[in-house]
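Pasting structure05.cif here (mmCIF, C-alpha atoms):
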data_target
#
loop_
_atom_site.label_atom_id
_atom_site.label_comp_id
_atom_site.auth_asym_id
_atom_site.auth_seq_id
_atom_site.Cartn_x
_atom_site.Cartn_y
_atom_site.Cartn_z
CA MET L 6 13.07 -0.64 -2.01
CA LYS L 7 13.14 -3.92 -0.19
CA LEU L 8 13.73 -7.17 -2.03
CA LEU L 9 10.34 -8.50 -0.97
CA THR L 10 8.75 -5.61 -2.87
CA HIS L 11 11.05 -6.15 -5.84
CA ASN L 12 9.99 -9.79 -5.93
CA MET L 13 6.49 -8.66 -6.85
CA LEU L 14 7.18 -5.75 -9.22
CA THR L 15 6.54 -6.04 -12.95
CA SER L 16 7.10 -3.77 -15.93
CA HIS L 17 3.95 -2.59 -17.68
CA VAL L 18 5.55 -1.09 -20.76
CA GLN L 19 3.15 -1.41 -23.69
CA GLY L 20 3.60 -4.52 -25.72
CA VAL L 21 5.74 -6.24 -23.14
CA ILE L 22 4.55 -9.77 -22.49
CA LYS L 23 6.64 -10.68 -19.49
CA GLY L 24 8.17 -7.67 -17.77
CA TYR L 25 9.46 -9.85 -14.96
CA PRO L 26 11.72 -10.08 -13.14
CA LEU L 27 13.04 -6.55 -13.22
CA ILE L 28 16.81 -6.45 -13.28
CA ILE L 29 18.24 -4.56 -10.33
CA LYS L 30 21.06 -2.12 -11.04
CA ALA L 31 21.95 -0.70 -7.68
CA THR L 32 24.38 2.12 -7.03
CA GLU L 33 23.58 2.41 -3.34
CA VAL L 34 22.33 -0.28 -1.03
CA LYS L 35 21.84 -0.23 2.72
CA VAL L 36 20.78 -2.64 5.42
CA ASN L 37 18.01 -1.44 7.67
CA GLU L 38 17.32 -3.60 10.71
CA LEU L 39 13.83 -4.85 11.22
CA GLU L 40 12.49 -7.03 13.99
CA PHE L 41 12.39 -10.67 12.95
CA SER L 42 9.04 -12.44 12.80
CA ALA L 43 9.20 -16.16 12.00
CA PRO L 44 5.47 -16.49 11.22
CA PHE L 45 5.63 -13.62 8.74
CA VAL L 46 8.71 -14.90 6.92
CA SER L 47 7.34 -18.46 6.74
CA ARG L 48 4.15 -17.18 5.21
CA MET L 49 5.91 -15.05 2.63
CA ILE L 50 8.08 -17.87 1.31
CA PRO L 51 5.36 -19.66 -0.73
CA LYS L 52 4.33 -16.31 -2.31
CA LEU L 53 7.80 -15.62 -3.65
CA GLU L 54 9.42 -16.21 -6.97
CA TRP L 55 12.23 -18.12 -5.34
CA SER L 56 14.66 -17.97 -8.28
CA LEU L 57 15.31 -14.31 -7.48
CA ILE L 58 16.35 -15.24 -3.95
CA SER L 59 18.39 -18.30 -4.87
CA ALA L 60 20.34 -16.00 -7.16
CA LEU L 61 21.60 -14.47 -3.92
CA ASN L 62 23.02 -17.76 -2.73
CA CYS L 63 20.06 -18.76 -0.66
CA THR L 64 18.65 -22.17 -1.50
CA LEU L 65 15.15 -23.08 -0.46
CA ILE L 66 15.15 -25.96 1.97
CA PRO L 67 12.26 -28.28 2.80
CA ASP L 68 10.73 -27.86 6.28
CA TYR L 69 11.89 -24.27 6.39
CA GLU L 70 9.21 -23.35 8.93
CA LYS L 71 11.18 -25.08 11.65
CA ASP L 72 14.57 -23.72 10.72
CA GLU L 73 15.03 -20.40 12.47
CA GLU L 74 18.50 -19.80 11.09
CA PHE L 75 17.21 -20.20 7.57
CA LEU L 76 14.23 -17.94 8.24
CA ARG L 77 16.49 -15.28 9.70
CA LYS L 78 18.64 -15.42 6.60
CA VAL L 79 15.59 -15.00 4.37
CA HIS L 80 14.36 -12.19 6.63
CA ARG L 81 17.62 -10.33 6.16
CA ILE L 82 17.50 -10.65 2.40
CA LEU L 83 13.83 -9.84 1.88
CA LEU L 84 13.23 -7.22 4.53
CA GLU L 85 16.50 -5.67 5.66
CA VAL L 86 18.41 -5.13 2.43
CA GLU L 87 17.24 -1.96 0.70
CA VAL L 88 18.16 -0.53 -2.67
CA VAL L 89 18.45 3.21 -2.11
CA GLU L 90 19.68 4.41 -5.50
CA GLY L 91 19.83 2.74 -8.87
CA CYS L 92 17.27 1.48 -11.31
CA LEU L 93 15.13 -1.47 -12.32
CA GLN L 94 15.38 -2.62 -15.90
CA CYS L 95 12.55 -4.28 -17.80
CA PRO L 96 13.99 -7.57 -19.08
CA GLU L 97 12.04 -7.34 -22.31
CA SER L 98 11.99 -3.70 -23.38
CA GLY L 99 15.15 -2.54 -21.62
CA ARG L 100 13.26 0.43 -20.18
CA GLU L 101 14.82 1.61 -16.93
CA PHE L 102 12.74 2.63 -13.93
CA PRO L 103 14.75 4.83 -11.57
CA ILE L 104 15.05 4.16 -7.85
CA SER L 105 15.65 7.31 -5.89
CA LYS L 106 15.84 7.64 -2.10
CA GLY L 107 14.64 4.06 -1.85
CA VAL L 108 11.52 4.55 -3.99
CA PRO L 109 11.18 2.92 -7.41
CA ASN L 110 9.32 5.08 -9.93
CA MET L 111 7.21 2.80 -12.12
CA LEU L 112 5.35 5.61 -13.89
CA LEU L 113 5.27 5.35 -17.67
CA ILE L 114 5.14 8.35 -19.97
CA GLU L 115 2.16 8.70 -22.27
CA ASP L 116 3.26 6.76 -25.27
CA GLU L 117 4.65 3.81 -23.37
CA MET T 26 -2.48 -0.64 21.96
CA LYS T 27 -5.66 1.25 22.74
CA LEU T 28 -7.56 3.25 20.14
CA LYS T 29 -6.77 6.54 21.88
CA GLU T 30 -3.07 5.72 21.89
CA LEU T 31 -3.14 4.85 18.20
CA GLU T 32 -4.99 8.06 17.39
CA SER T 33 -2.63 10.26 19.32
CA CYS T 34 0.28 8.47 17.69
CA LEU T 35 -1.15 9.19 14.24
CA GLN T 36 -1.57 12.84 15.14
CA GLN T 37 2.20 13.10 14.76
CA VAL T 38 2.00 12.27 11.06
CA ASP T 39 2.89 15.23 8.85
CA GLY T 40 0.38 16.11 6.15
CA PHE T 41 0.55 17.73 2.73
CA GLU T 42 2.27 21.09 2.53
CA GLU T 43 0.62 22.02 -0.76
CA PRO T 44 -2.17 19.55 -1.47
CA LYS T 45 -2.92 19.00 -5.17
CA ILE T 46 -6.61 19.36 -5.92
CA LEU T 47 -6.62 17.14 -8.99
CA LEU T 48 -5.18 14.28 -6.99
CA GLU T 49 -7.69 14.89 -4.18
CA GLN T 50 -4.93 15.11 -1.62
CA TYR T 51 -5.86 15.46 2.03
CA LEU T 52 -4.66 13.73 5.12
CA THR T 53 -6.95 11.00 6.40
CA SER T 54 -7.71 12.25 9.90
CA PRO T 55 -5.99 10.46 12.79
CA HIS T 56 -9.43 9.68 14.16
CA ILE T 57 -10.74 8.02 11.00
CA ALA T 58 -7.45 6.25 10.29
CA GLY T 59 -7.25 5.11 13.89
CA CYS T 60 -10.79 3.71 13.86
CA MET T 61 -10.21 1.92 10.57
CA LEU T 62 -6.93 0.34 11.59
CA TYR T 63 -8.08 -0.52 15.07
CA THR T 64 -11.04 -2.45 13.66
CA ILE T 65 -8.99 -4.16 10.95
CA HIS T 66 -6.50 -5.27 13.59
CA ASN T 67 -8.73 -6.16 16.55
CA THR T 68 -11.86 -7.46 14.88
CA PHE T 69 -10.35 -9.11 11.83
CA ASP T 70 -6.66 -9.64 12.68
CA ASP T 71 -5.64 -8.50 9.19
CA ILE T 72 -2.59 -6.40 10.08
CA GLN T 73 -0.16 -8.05 12.47
CA ASN T 74 2.38 -10.20 10.62
CA LYS T 75 0.57 -9.60 7.39
CA LEU T 76 1.73 -8.18 4.07
CA VAL T 77 -0.30 -5.00 3.69
CA ALA T 78 -0.71 -2.63 0.74
CA ASP T 79 -1.87 0.99 1.07
CA LEU T 80 -3.16 2.28 -2.26
CA GLY T 81 -3.04 6.03 -2.78
CA CYS T 82 -1.00 6.23 0.42
CA GLY T 83 -0.26 9.96 0.18
CA CYS T 84 1.65 11.04 3.29
CA GLY T 85 1.21 7.56 4.72
CA VAL T 86 -1.17 7.82 7.67
CA LEU T 87 -2.69 4.40 7.09
CA SER T 88 0.68 2.75 6.37
CA ILE T 89 2.25 4.22 9.47
CA GLY T 90 -0.67 3.03 11.56
CA ALA T 91 -0.41 -0.45 10.06
CA ALA T 92 3.33 -0.53 10.72
CA VAL T 93 2.82 0.59 14.31
CA LEU T 94 0.34 -2.27 14.69
CA ASP T 95 3.10 -4.67 13.60
CA ALA T 96 2.27 -5.39 10.00
CA GLY T 97 4.98 -7.72 8.66
CA LEU T 98 5.51 -5.17 5.89
CA CYS T 99 3.32 -2.36 4.64
CA VAL T 100 3.90 -1.12 1.07
CA GLY T 101 2.51 2.28 0.12
CA PHE T 102 1.61 3.11 -3.48
CA ASP T 103 1.13 6.65 -4.77
CA ILE T 104 1.53 8.58 -8.01
CA ASP T 105 2.87 11.76 -6.44
CA GLU T 106 6.56 12.18 -5.65
CA ASP T 107 5.98 15.09 -3.28
CA ALA T 108 3.54 13.04 -1.20
CA LEU T 109 6.00 10.16 -1.06
CA ASP T 110 8.72 12.53 0.13
CA ILE T 111 6.53 13.57 3.03
CA PHE T 112 5.71 9.92 3.66
CA LYS T 113 9.42 9.15 3.79
CA GLY T 114 9.98 11.92 6.30
CA ASN T 115 7.20 10.48 8.44
CA VAL T 116 8.71 7.00 8.29
CA GLU T 117 12.01 8.40 9.48
CA ASP T 118 10.39 10.39 12.29
CA PHE T 119 8.58 7.31 13.50
CA GLU T 120 11.70 5.17 13.02
CA LEU T 121 9.78 2.41 11.31
CA SER T 122 11.49 -0.24 9.21
CA ASN T 123 8.51 -2.31 8.14
CA ILE T 124 7.41 0.12 5.44
CA ASP T 125 8.26 0.30 1.75
CA MET T 126 6.88 2.48 -1.03
CA VAL T 127 6.41 2.47 -4.79
CA GLN T 128 5.65 5.40 -7.08
CA CYS T 129 3.15 4.30 -9.70
CA ASP T 130 -0.31 4.78 -11.15
CA VAL T 131 -2.57 2.54 -9.07
CA CYS T 132 -4.99 2.17 -11.96
CA SER T 133 -2.41 0.40 -14.11
CA ILE T 134 -0.64 -2.01 -11.78
CA GLY T 135 -3.35 -4.51 -10.93
CA SER T 136 -2.02 -7.58 -12.65
CA SER T 137 1.44 -7.37 -11.10
CA PHE T 138 0.53 -8.28 -7.60
CA ALA T 139 -2.22 -10.83 -8.14
CA LYS T 140 -3.22 -12.01 -4.65
CA LYS T 141 0.24 -11.39 -3.22
CA PHE T 142 -0.88 -9.09 -0.42
CA ASP T 143 -2.80 -10.40 2.56
CA THR T 144 -4.62 -7.14 3.10
CA VAL T 145 -5.18 -3.96 1.12
CA ILE T 146 -6.22 -0.79 2.92
CA MET T 147 -7.06 2.50 1.27
CA ASN T 148 -8.73 5.83 1.35
CA PRO T 149 -9.10 6.23 -2.43
CA PRO T 150 -9.89 9.41 -4.33
CA PHE T 151 -13.65 9.81 -4.61
CA GLY T 152 -13.69 11.64 -7.93
CA THR T 153 -14.80 15.24 -7.42
CA LYS T 154 -15.97 18.02 -9.66
CA HIS T 155 -12.39 18.95 -10.39
CA ASN T 156 -11.46 15.62 -11.86
CA GLN T 157 -14.88 14.71 -13.21
CA GLY T 158 -13.37 12.69 -15.97
CA LYS T 159 -11.97 10.49 -13.29
CA SER T 160 -15.16 9.89 -11.34
CA HIS T 161 -14.56 6.23 -11.95
CA LEU T 162 -11.35 6.60 -9.99
CA CYS T 163 -12.55 5.00 -6.79
CA CYS T 164 -13.76 1.99 -8.79
CA CYS T 165 -10.44 1.62 -10.55
CA PHE T 166 -8.66 1.74 -7.20
CA LEU T 167 -11.10 -0.83 -5.89
CA LYS T 168 -10.55 -3.10 -8.85
CA THR T 169 -6.78 -2.98 -8.38
CA ALA T 170 -7.14 -3.53 -4.64
CA ILE T 171 -9.29 -6.60 -5.15
CA SER T 172 -6.82 -8.14 -7.58
CA MET T 173 -3.94 -7.56 -5.15
CA ALA T 174 -5.55 -8.84 -1.97
CA ASN T 175 -5.64 -12.42 -0.85
CA THR T 176 -7.78 -11.98 2.23
CA ALA T 177 -9.50 -8.62 2.40
CA VAL T 178 -9.75 -5.07 1.09
CA TYR T 179 -10.66 -2.25 3.47
CA SER T 180 -11.76 0.98 1.87
CA LEU T 181 -13.69 4.20 2.30
CA HIS T 182 -16.37 5.19 -0.21
CA LYS T 183 -18.99 7.91 -0.25
CA THR T 184 -22.23 6.60 1.23
CA SER T 185 -24.04 8.10 -1.76
CA THR T 186 -22.23 5.63 -4.01
CA ARG T 187 -23.06 2.57 -1.93
CA ASP T 188 -25.40 0.94 -4.43
CA HIS T 189 -22.97 1.51 -7.26
CA ILE T 190 -20.12 -0.03 -5.26
CA GLN T 191 -22.33 -2.99 -4.28
CA LYS T 192 -23.01 -3.63 -7.94
CA LYS T 193 -19.31 -3.56 -8.72
CA ALA T 194 -18.60 -5.91 -5.82
CA ASN T 195 -21.17 -8.34 -7.21
CA ASP T 196 -19.64 -8.12 -10.69
CA TRP T 197 -16.22 -8.85 -9.25
CA LYS T 198 -17.54 -11.69 -7.09
CA MET T 199 -16.73 -10.04 -3.81
CA LYS T 200 -18.72 -9.96 -0.61
CA MET T 201 -19.19 -6.41 0.65
CA GLU T 202 -19.74 -5.53 4.28
CA VAL T 203 -20.31 -1.97 5.46
CA ILE T 204 -18.49 -2.02 8.79
CA ALA T 205 -19.27 1.55 9.77
CA GLU T 206 -20.68 4.82 8.54
CA LEU T 207 -18.34 7.69 9.16
CA ARG T 208 -18.63 11.37 8.76
CA TYR T 209 -15.72 13.05 7.08
CA ASP T 210 -14.93 16.51 8.10
CA LEU T 211 -12.70 17.77 5.33
CA PRO T 212 -11.00 20.94 6.48
CA ALA T 213 -11.09 23.77 3.99
CA SER T 214 -7.72 22.79 2.64
CA TYR T 215 -8.51 24.02 -0.82
CA LYS T 216 -8.92 27.72 -1.53
CA PHE T 217 -12.25 27.31 -3.30
CA HIS T 218 -14.04 25.90 -0.25
CA LYS T 219 -16.48 28.54 0.87
CA LYS T 220 -17.49 26.88 4.12
CA LYS T 221 -14.99 26.22 6.87
CA SER T 222 -15.31 22.50 6.41
CA VAL T 223 -17.05 20.06 4.14
CA ASP T 224 -19.04 17.18 5.60
CA ILE T 225 -19.16 13.97 3.64
CA GLN T 226 -20.79 10.73 4.70
CA VAL T 227 -18.54 7.81 4.09
CA ASP T 228 -18.85 4.03 4.35
CA PHE T 229 -16.01 2.00 5.79
CA ILE T 230 -16.27 -1.20 3.80
CA ARG T 231 -14.68 -4.62 3.97
CA PHE T 232 -14.51 -6.67 0.76
CA THR T 233 -13.72 -10.38 0.81
CA PRO T 234 -13.79 -13.03 -1.91
CA THR T 235 -17.07 -14.95 -2.07
#
File written out as structure tokens:
Amino acid sequence: MKLLTHNMLTSHVQGVIKGYPLIIKATEVKVNELEFSAPFVSRMIPKLEWSLISALNCTLIPDYEKDEEFLRKVHRILLEVEVVEGCLQCPESGREFPISKGVPNMLLIEDE
Amino acid sequence: MKLKELESCLQQVDGFEEPKILLEQYLTSPHIAGCMLYTIHNTFDDIQNKLVADLGCGCGVLSIGAAVLDAGLCVGFDIDEDALDIFKGNVEDFELSNIDMVQCDVCSIGSSFAKKFDTVIMNPPFGTKHNQGKSHLCCCFLKTAISMANTAVYSLHKTSTRDHIQKKANDWKMKMEVIAELRYDLPASYKFHKKKSVDIQVDFIRFTPT
């Protein structure tokens, strides 16, 4: 699971009002190289909930479109870091969604 | 990349080992997937450097094609773990890094991704006699797709349901354009198929906000 995907994921447990952001509890993380595309990264930045990224020591700067070093840093965080094993925890209900072989399982059981 | 190259590339994608009837699992043919993706990319420029979602991705034919056509990132969504395992194997074989996947029920995730994706592509379940109760399935997929997409949704629907889909599109304030009429040749992948293959006429549709 890449951090760009995590940035968008929400918990849908019944009764939960704001199941976001999901807390990452990773037991295995890897970095998977991906070709850098400045236009793509620039376009993703406004869509993001930036607080999740700044929590990783990456502050949003103005005029980021022109700063390749900054964009490459964001690219690495959003697209190259992958959580392989662990879980995502709903901040409200505490329900844990497992991540196995890089895939988060957001399925709820019937009474959730 | 030419259409023929894309098609022959997609021929390398592994399909379902034991397709589940209730989930309507079958591999979108390399020809159909190739035509869809080629059009989305060349006519509409909705793949390269875009954030793409593939709903009901199964083994990932559409996602792999999108990734090969340089999507910024393509995220596949499917309910079935076995399908996602095959998808993962395919991603490794193709050595692609611009793919991610989430296991979930597409019908219940709509609100999460409101307008976050540039493009949504899908070959949704049509709702067959074996999951009759879920004949609304393709509409529920469509509804989720529309809520997730910022620019466009590309989908396949049975031609016989065209009027019904048009009505839904109107209700949801979307413009619907039938880009092509395709003929599906579903191989007799399920034991109950009496004929060698089943022909279904299918619309390739593009939905955009009005």
Compile the contact shell of segment 131-144 of chain T as a PyMOL selection string: residues with an atom at most 10 Å away, counting only C-alpha atoms, same-chain residues fewer than 6 positions apart removed. (chain L and resi 10+12-17+24-25+49+52-53+111-113) or (chain T and resi 65+71-72+74-81+96+98-100+102-104+162-179+233)
Residue nearest Glu49 of chain T - candidates T:Val203, T:Cys82, T:Ile124, T:Gln73, atoms counted: all atoms listed in the file: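 Checking each of T:Val203, T:Cys82, T:Ile124, T:Gln73 against Glu49 of chain T, counting all atoms listed in the file, the winner is T:Cys82.
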Rank nothing, just name the residue among L:Pro67, L:Val108, L:Leu9, L:Asn37 nearest to Asp105 of chain T, using all atoms listed in the file. L:Val108
What's around Trp55 of chain L at 12 Å? Count all atoms listed in the file, leave out sequence neighbours fewer than 5 positions away in its own chain, and write the answer as an MDAnalysis selection string. chainID L and resid 8:9 12:13 26 49:50 60:66 79 82:83
Between atom CA of Lys35 of chain L and atom CA of Val88 of chain L, what is the distance, to one decimal in Å? 6.5 Å
Given the PyMOL selection byres ((chain L and resi 91) around 6) and the file above, list the residues it selects as a PyMOL selection string. chain L and resi 30-32+90+92+104
One decimal, in Å: what's the spacing between atom CA of Gly99 of chain L and atom CA of Pro51 of chain L?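 The value is 28.7 Å.
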Result set, the PyMOL selection byres ((chain L and resi 80) around 9) on current file, as a JSON list (two decimals) with C-alpha atoms, keeping the file's coordinate frame:
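Writing the result to selection00.json gives the following:
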[["chain", "number", "residue", "atom", "x", "y", "z"],
["L", 39, "LEU", "CA", 13.83, -4.85, 11.22],
["L", 41, "PHE", "CA", 12.39, -10.67, 12.95],
["L", 42, "SER", "CA", 9.04, -12.44, 12.80],
["L", 43, "ALA", "CA", 9.20, -16.16, 12.00],
["L", 46, "VAL", "CA", 8.71, -14.90, 6.92],
["L", 75, "PHE", "CA", 17.21, -20.20, 7.57],
["L", 76, "LEU", "CA", 14.23, -17.94, 8.24],
["L", 77, "ARG", "CA", 16.49, -15.28, 9.70],
["L", 78, "LYS", "CA", 18.64, -15.42, 6.60],
["L", 79, "VAL", "CA", 15.59, -15.00, 4.37],
["L", 81, "ARG", "CA", 17.62, -10.33, 6.16],
["L", 82, "ILE", "CA", 17.50, -10.65, 2.40],
["L", 83, "LEU", "CA", 13.83, -9.84, 1.88],
["L", 84, "LEU", "CA", 13.23, -7.22, 4.53],
["L", 85, "GLU", "CA", 16.50, -5.67, 5.66]]
Save segment 79-90 of chain L to a file: all heavy atoms, as a short mmCIF file (atom, residue, chain, number, x, y, z; two decimals), in the first residue's frame.
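Done, and the output landed in out07.cif:
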data_model
loop_
_atom_site.label_atom_id
_atom_site.label_comp_id
_atom_site.auth_asym_id
_atom_site.auth_seq_id
_atom_site.Cartn_x
_atom_site.Cartn_y
_atom_site.Cartn_z
N VAL L 79 8.54 14.44 -2.32
CA VAL L 79 7.13 14.06 -2.18
C VAL L 79 6.85 12.77 -2.96
O VAL L 79 6.14 11.88 -2.49
CB VAL L 79 6.21 15.20 -2.69
CG1 VAL L 79 4.76 14.76 -2.71
CG2 VAL L 79 6.38 16.43 -1.82
N HIS L 80 7.46 12.66 -4.13
CA HIS L 80 7.32 11.47 -4.96
C HIS L 80 7.76 10.23 -4.20
O HIS L 80 7.06 9.20 -4.17
CB HIS L 80 8.16 11.64 -6.23
CG HIS L 80 8.37 10.38 -7.02
ND1 HIS L 80 7.48 9.92 -7.96
CD2 HIS L 80 9.38 9.48 -7.01
CE1 HIS L 80 7.93 8.79 -8.50
NE2 HIS L 80 9.08 8.49 -7.94
N ARG L 81 8.89 10.35 -3.52
CA ARG L 81 9.42 9.21 -2.77
C ARG L 81 8.45 8.79 -1.67
O ARG L 81 8.16 7.61 -1.49
CB ARG L 81 10.77 9.59 -2.16
CG ARG L 81 11.50 8.38 -1.61
CD ARG L 81 12.98 8.72 -1.45
NE ARG L 81 13.72 7.60 -0.94
CZ ARG L 81 14.14 6.57 -1.68
NH1 ARG L 81 13.86 6.54 -2.97
NH2 ARG L 81 14.82 5.59 -1.14
N ILE L 82 7.93 9.78 -0.97
CA ILE L 82 7.03 9.47 0.14
C ILE L 82 5.71 8.87 -0.36
O ILE L 82 5.24 7.85 0.14
CB ILE L 82 6.72 10.76 0.95
CG1 ILE L 82 7.99 11.26 1.64
CG2 ILE L 82 5.63 10.50 1.99
CD1 ILE L 82 7.82 12.62 2.32
N LEU L 83 5.11 9.53 -1.35
CA LEU L 83 3.77 9.11 -1.77
C LEU L 83 3.75 7.83 -2.58
O LEU L 83 2.81 7.05 -2.51
CB LEU L 83 3.14 10.20 -2.65
CG LEU L 83 2.70 11.48 -1.97
CD1 LEU L 83 2.14 12.42 -3.04
CD2 LEU L 83 1.64 11.20 -0.92
N LEU L 84 4.79 7.69 -3.43
CA LEU L 84 4.72 6.64 -4.45
C LEU L 84 5.74 5.52 -4.32
O LEU L 84 5.58 4.47 -4.92
CB LEU L 84 4.86 7.27 -5.84
CG LEU L 84 3.71 8.20 -6.21
CD1 LEU L 84 4.09 9.09 -7.37
CD2 LEU L 84 2.46 7.40 -6.56
N GLU L 85 6.81 5.76 -3.55
CA GLU L 85 7.84 4.72 -3.48
C GLU L 85 7.84 3.96 -2.17
O GLU L 85 8.28 2.81 -2.11
CB GLU L 85 9.22 5.32 -3.78
CG GLU L 85 9.32 5.82 -5.22
CD GLU L 85 10.72 6.23 -5.63
OE1 GLU L 85 11.50 6.67 -4.76
OE2 GLU L 85 11.04 6.10 -6.82
N VAL L 86 7.35 4.59 -1.11
CA VAL L 86 7.29 3.89 0.18
C VAL L 86 6.04 3.01 0.17
O VAL L 86 4.95 3.47 -0.17
CB VAL L 86 7.20 4.90 1.35
CG1 VAL L 86 6.93 4.17 2.65
CG2 VAL L 86 8.47 5.72 1.43
N GLU L 87 6.20 1.75 0.51
CA GLU L 87 5.04 0.86 0.54
C GLU L 87 4.96 0.09 1.85
O GLU L 87 5.96 -0.45 2.32
CB GLU L 87 5.14 -0.16 -0.61
CG GLU L 87 5.00 0.48 -1.98
CD GLU L 87 5.06 -0.53 -3.11
OE1 GLU L 87 5.04 -1.75 -2.84
OE2 GLU L 87 5.11 -0.09 -4.27
N VAL L 88 3.76 0.07 2.42
CA VAL L 88 3.56 -0.74 3.62
C VAL L 88 3.20 -2.14 3.14
O VAL L 88 2.21 -2.32 2.43
CB VAL L 88 2.42 -0.19 4.51
CG1 VAL L 88 2.23 -1.07 5.73
CG2 VAL L 88 2.71 1.26 4.90
N VAL L 89 4.03 -3.11 3.50
CA VAL L 89 3.82 -4.48 3.02
C VAL L 89 2.98 -5.29 4.01
O VAL L 89 2.07 -6.01 3.65
CB VAL L 89 5.18 -5.18 2.79
CG1 VAL L 89 4.97 -6.60 2.30
CG2 VAL L 89 6.02 -4.40 1.78
N GLU L 90 3.33 -5.16 5.29
CA GLU L 90 2.59 -5.88 6.33
C GLU L 90 2.28 -4.93 7.47
O GLU L 90 3.07 -4.04 7.78
CB GLU L 90 3.41 -7.06 6.89
CG GLU L 90 3.80 -8.10 5.87
CD GLU L 90 2.66 -8.98 5.41
OE1 GLU L 90 1.71 -9.20 6.20
OE2 GLU L 90 2.70 -9.44 4.25
#
